[in-house]
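**Student:** Input: one structure, supplied below.
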Amino acid sequence: MSIQVSQLSKTYGEQKAVDGISFALNKGEIVGFLGPNGAGKSTTMKMITGYLPPSGGQAVVSGFDVAKEPLEVRRRVGYLPEANPLYYDMYVKEFLGFAASVHGLGKAAPERIRNIIALTGLEPESKKKIGALSKGYKQRVGLAQALLHDPEVLILDEPTSGLDPNQLADIRQVIRALGHNKTVILSTHIMQEVEAMCSRVIIINKGQIIADDTVQNLQQQEGHGYIQVTFGEPVAAAELEQLPEVVRVAPQEGNTWQLFTGNVEAVRKNLLQFALLNNRNILSLQSNSQSLEAIFRQLTK
Ligand SMILES: Nc1ncnc2c1ncn2[C@@H]1O[C@H](COP(=O)(O)OP(=O)(O)OP(=O)(O)O)[C@@H](O)[C@H]1O
């Protein structure tokens with residue numbers, strides 16, 4: 001187990017920013033950490049990296065308790081904080097050299113820095129001062145810093161914020177490749193990003209975990225899949241609502257309906273049977289799963 005979080009919580013005054021959350025991540029997982037603004041994502045990430053002491057519970061990274069052995073944890077974790085604090089007066093290579101010395105990379109540092117600059121696409125800007133870089137390139141320096149010591153675990157708080165579409169594609173590719181032999185947890189508000197990169201999604205709302213599953217499983221869960229059916233004649237909502245396995249129905253244009261269900265196959269069969277017994281014509285029938293964005297909105301509203 002790379003990351004084991006048990007009953008972790010953080011209280012600010014009266015507010016429970018993180019409220020007893022538990023999850024475990026294995027090596028090779030890229031997990032999308034989603035939630036509305038203020039849900040507790042950054043607070044959780046800061047506690048897992050050891051930058052913020054929890055009010056309760058425990059976080060264990062690569063077998064080390066974050067509270068008891070913070071140095072062992074920092075050796076194994078690469079962290080890109082949301083605010084990405086960088087030394088603006090330093091040159092890119094100078095900053096990475098400094099970060100390498102903090103991690104005690106010694107003689108390995110120059111080659112490692114060269115490799116990381118290439119990996120994060122910093123080459124064209126590597127001779128500039130950090131303060132002179134665009135937002136996207138500053139973000140790349142933050143990512144380079146997080147990767148420098150080749151950590152087993154990467155904790156990336158909105159790693160792609162500020163990147164243009166070309167840079168987005170590059171960095172997603174880098175993160176996907178890293179995910180083969182590391183554990184990556186990344187927070188984002190971009191749902192396509194999660195669909196493109198993550199093997200698993202954890203959704204947090206008001207400090208509590210409300211979903212923890214693969215994107216595919218989330219889409220197949222109760223009420224998240226739907227069938228769109230068009231009849232040749234009017235049908236009443238009540239007739240469709242009483243079909244077994246239908247969770248809710250939504251009228252569309254004309255005689256088209258969306259039937260939400262956790263069992264798309266069963267509803268398809270039930271619909272065909274309903275049409276046959278009640279003398280209705282089905283003009284088209286299509287099964288769909290809702291987008292992650294729609295599921296997110298449903299779960300967090
Ligand atoms: N230092 C602090 N003092 C008091 N309250 C805080 C502090 N840091 C965070 N909070 C509160 O804790 C809650 C969770 O904040 P957090 O930054 O973890 O959310 P988030 O999910 O990362 O949000 P966002 O998507 O906006 O970055 C918020 O209500 C926030 O105001």
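Labeling convention for the structure tokens: chains A, B, ... as they appear, residues from 1 per chain, ligands from 1 in order of appearance.
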Which residues of chain A come within 7 Å of ligand 1, and what is each one's closest atom pair and distance in Å (one decimal), counting only C-alpha atoms and all ligand atoms, sorted by chain and residue number, as a Markdown table?

**Tutor:**
| residue | atom | partner | partner_atom_place_in_ligand_line | distance |
| --- | --- | --- | --- | --- |
| A:Tyr12 | CA | ligand 1 | 4 (C) | 5.0 |
| A:Ala17 | CA | ligand 1 | 12 (O) | 4.3 |
| A:Gly35 | CA | ligand 1 | 21 (O) | 5.8 |
| A:Pro36 | CA | ligand 1 | 25 (O) | 5.6 |
| A:Asn37 | CA | ligand 1 | 26 (O) | 3.4 |
| A:Gly38 | CA | ligand 1 | 19 (O) | 3.4 |
| A:Ala39 | CA | ligand 1 | 21 (O) | 3.7 |
| A:Gly40 | CA | ligand 1 | 18 (O) | 3.2 |
| A:Lys41 | CA | ligand 1 | 21 (O) | 3.7 |
| A:Ser42 | CA | ligand 1 | 22 (O) | 3.6 |
| A:Thr43 | CA | ligand 1 | 18 (O) | 3.7 |
| A:Thr44 | CA | ligand 1 | 18 (O) | 6.4 |

**Student:** Restricting the output to C-alpha atoms, write the selected residues as a PDB file, in the first residue's frame.

**Tutor:**
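For reference, selection-v9.pdb as written:
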ATOM      1  CA  TYR A  12     -10.377  24.983  11.804  1.00  0.00           C
ATOM      2  CA  ALA A  17     -12.572  21.061   6.807  1.00  0.00           C
ATOM      3  CA  GLY A  35     -14.586  18.154  -5.064  1.00  0.00           C
ATOM      4  CA  PRO A  36     -16.226  21.568  -5.172  1.00  0.00           C
ATOM      5  CA  ASN A  37     -14.326  24.655  -3.963  1.00  0.00           C
ATOM      6  CA  GLY A  38     -13.640  24.382  -0.253  1.00  0.00           C
ATOM      7  CA  ALA A  39     -14.394  20.640  -0.089  1.00  0.00           C
ATOM      8  CA  GLY A  40     -11.107  19.869   1.678  1.00  0.00           C
ATOM      9  CA  LYS A  41      -8.850  18.645  -1.144  1.00  0.00           C
ATOM     10  CA  SER A  42      -5.844  20.892  -0.491  1.00  0.00           C
ATOM     11  CA  THR A  43      -6.147  20.388   3.263  1.00  0.00           C
ATOM     12  CA  THR A  44      -6.093  16.593   2.777  1.00  0.00           C
TER      13      THR A  44
END

**Student:** List the spatial neighbours of Val215 of chain A as a ChimeraX atom specification - criterion: any atom at most 8 Å away, only C-alpha atoms, same-chain residues fewer than 2 positions off excluded.

**Tutor:** /A:195,199-201,213,217-219,292

**Student:** For segment 132-141 of chain A, please output as a tab-separated table (two decimals) with C-alpha atoms, in the first residue's frame all residues within 9 Å (counting only C-alpha atoms; exclusion window: fewer than 3 positions along the same chain).

**Tutor:**
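Just written: selection-v2.tsv:
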chain	number	residue	atom	x	y	z
A	80	LEU	CA	3.18	20.27	-6.05
A	84	ASN	CA	3.27	26.55	-6.06
A	86	LEU	CA	8.76	29.34	-6.15
A	88	TYR	CA	11.16	34.16	-8.35
A	89	ASP	CA	14.67	35.65	-8.19
A	92	VAL	CA	15.31	27.76	-13.31
A	95	PHE	CA	16.33	26.62	-8.29
A	96	LEU	CA	16.36	22.99	-9.34
A	117	ILE	CA	14.10	19.71	-17.56
A	120	THR	CA	8.79	18.64	-18.17
A	121	GLY	CA	9.52	20.52	-21.41
A	122	LEU	CA	11.39	23.33	-19.65
A	125	GLU	CA	12.90	28.56	-20.83
A	128	LYS	CA	15.39	32.45	-17.45
A	129	LYS	CA	14.64	33.66	-13.96
A	144	ALA	CA	10.00	19.49	-12.07
A	145	GLN	CA	10.76	20.27	-8.42
A	146	ALA	CA	8.21	17.65	-7.30
A	159	PRO	CA	-1.06	20.40	-11.64
A	160	THR	CA	-2.47	21.62	-14.93
A	161	SER	CA	-3.92	24.96	-13.84
A	162	GLY	CA	-2.67	27.74	-16.09
A	163	LEU	CA	-1.51	25.47	-18.91
A	164	ASP	CA	-2.53	26.09	-22.52
A	167	GLN	CA	0.97	22.17	-22.62
A	171	ILE	CA	1.88	17.36	-19.00

**Student:** Hey, what's within 12 Å of Leu119 of chain A if we count only C-alpha atoms and toss same-chain stuff fewer than 6 positions away? As a list in words, please?

**Tutor:** Arg112, Ile113, Arg140, Val141, Leu143, Ala144, Gln145, Leu147, Leu148, Asp170, Ile171, Arg172, Gln173, Val174, Ile175, Ala177 and Leu178 of chain A

**Student:** Fewer than 5 positions away in the same chain doesn't count, so skip those; otherwise give me all residues within 12 Å of Gln252 of chain A, counting only C-alpha atoms, as an mmCIF file with C-alpha atoms, in the first residue's frame.

**Tutor:**
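Just written: part.cif:
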data_model
loop_
_atom_site.group_PDB
_atom_site.id
_atom_site.type_symbol
_atom_site.label_atom_id
_atom_site.label_comp_id
_atom_site.auth_asym_id
_atom_site.auth_seq_id
_atom_site.Cartn_x
_atom_site.Cartn_y
_atom_site.Cartn_z
ATOM 1 C CA ILE A 227 -31.527 4.684 -21.813
ATOM 2 C CA GLN A 228 -32.899 7.153 -24.295
ATOM 3 C CA VAL A 229 -36.005 5.846 -25.982
ATOM 4 C CA THR A 230 -38.264 7.407 -28.635
ATOM 5 C CA PHE A 231 -41.805 6.052 -28.982
ATOM 6 C CA PRO A 234 -47.265 9.538 -26.452
ATOM 7 C CA VAL A 235 -46.454 7.557 -23.303
ATOM 8 C CA ALA A 237 -44.328 9.165 -17.232
ATOM 9 C CA TRP A 257 -37.658 9.844 -22.742
ATOM 10 C CA GLN A 258 -34.538 9.246 -20.723
ATOM 11 C CA LEU A 259 -34.829 6.395 -18.225
#

**Student:** Could you list, as a ChimeraX atom specification, every residue within 6 Å of segment 187-194 of chain A, counting only C-alpha atoms and ignoring same-chain residues fewer than 3 positions away?

**Tutor:** /A:32-34,157-158,197-198,293

**Student:** Can I get the selected residues back with N, CA and C atoms, as an mmCIF file, in the first residue's frame?

**Tutor:**
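Dumped everything to selection-v7.cif:
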data_model
loop_
_atom_site.group_PDB
_atom_site.id
_atom_site.type_symbol
_atom_site.label_atom_id
_atom_site.label_comp_id
_atom_site.auth_asym_id
_atom_site.auth_seq_id
_atom_site.Cartn_x
_atom_site.Cartn_y
_atom_site.Cartn_z
ATOM 1 N N GLY A 32 -7.760 10.629 -9.287
ATOM 2 C CA GLY A 32 -8.262 11.996 -9.386
ATOM 3 C C GLY A 32 -8.986 12.338 -8.102
ATOM 4 N N PHE A 33 -8.581 13.438 -7.479
ATOM 5 C CA PHE A 33 -9.191 13.869 -6.220
ATOM 6 C C PHE A 33 -10.067 15.068 -6.556
ATOM 7 N N LEU A 34 -11.379 14.855 -6.541
ATOM 8 C CA LEU A 34 -12.307 15.879 -7.005
ATOM 9 C C LEU A 34 -13.173 16.389 -5.863
ATOM 10 N N ASP A 157 -1.431 19.149 -6.563
ATOM 11 C CA ASP A 157 -2.634 19.950 -6.312
ATOM 12 C C ASP A 157 -2.873 20.851 -7.525
ATOM 13 N N GLU A 158 -3.840 20.520 -8.325
ATOM 14 C CA GLU A 158 -4.178 21.209 -9.571
ATOM 15 C C GLU A 158 -2.942 21.411 -10.463
ATOM 16 N N MET A 197 -6.842 10.627 -17.617
ATOM 17 C CA MET A 197 -5.620 10.222 -16.917
ATOM 18 C C MET A 197 -5.817 9.235 -15.788
ATOM 19 N N CYS A 198 -6.966 9.282 -15.123
ATOM 20 C CA CYS A 198 -7.057 8.628 -13.825
ATOM 21 C C CYS A 198 -7.702 7.240 -13.902
ATOM 22 N N GLU A 293 -18.840 14.670 -15.397
ATOM 23 C CA GLU A 293 -19.250 16.002 -14.958
ATOM 24 C C GLU A 293 -20.689 15.974 -14.411
#

**Student:** Nearest residue to Val267 of chain A out of A:Gly131, A:Pro85, A:Gly225, A:Pro53, using only C-alpha atoms?

**Tutor:**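 Closest residue, counting only C-alpha atoms: A:Gly225.
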
**Student:** What separation in Å, quoted to one decimal, exists between atom CA of Gln290 of chain A and atom CA of Asn263 of chain A?

**Tutor:**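 Atom CA of Asn263 of chain A lies at a distance of 13.3 Å from atom CA of Gln290 of chain A.
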
**Student:** Please identify all polymer residues within 6 Å of Asn26 of chain A, counting only C-alpha atoms, omitting same-chain residues fewer than 2 positions from it, and present them as a ChimeraX atom specification.

**Tutor:** /A:1-2,29

**Student:** Just the alpha helix (DSSP H) stuff from segment 110-291 of chain A, please, per backbone DSSP, written as a ChimeraX atom specification.

**Tutor:** /A:110-119,135-147,165-178,191-197,215-220,237-241,264-277

**Student:** Using only C-alpha atoms, pick whichever of A:Ala24, A:Val31, A:Val249, A:Met45 has the shortest atom-to-atom distance to Lys10 of chain A.

**Tutor:** A:Met45

**Student:** Rounded to one decimal in Å, what is the spacing between atom CA of Phe260 of chain A and atom CA of His224 of chain A?

**Tutor:**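 These two atoms are separated by 6.6 Å.
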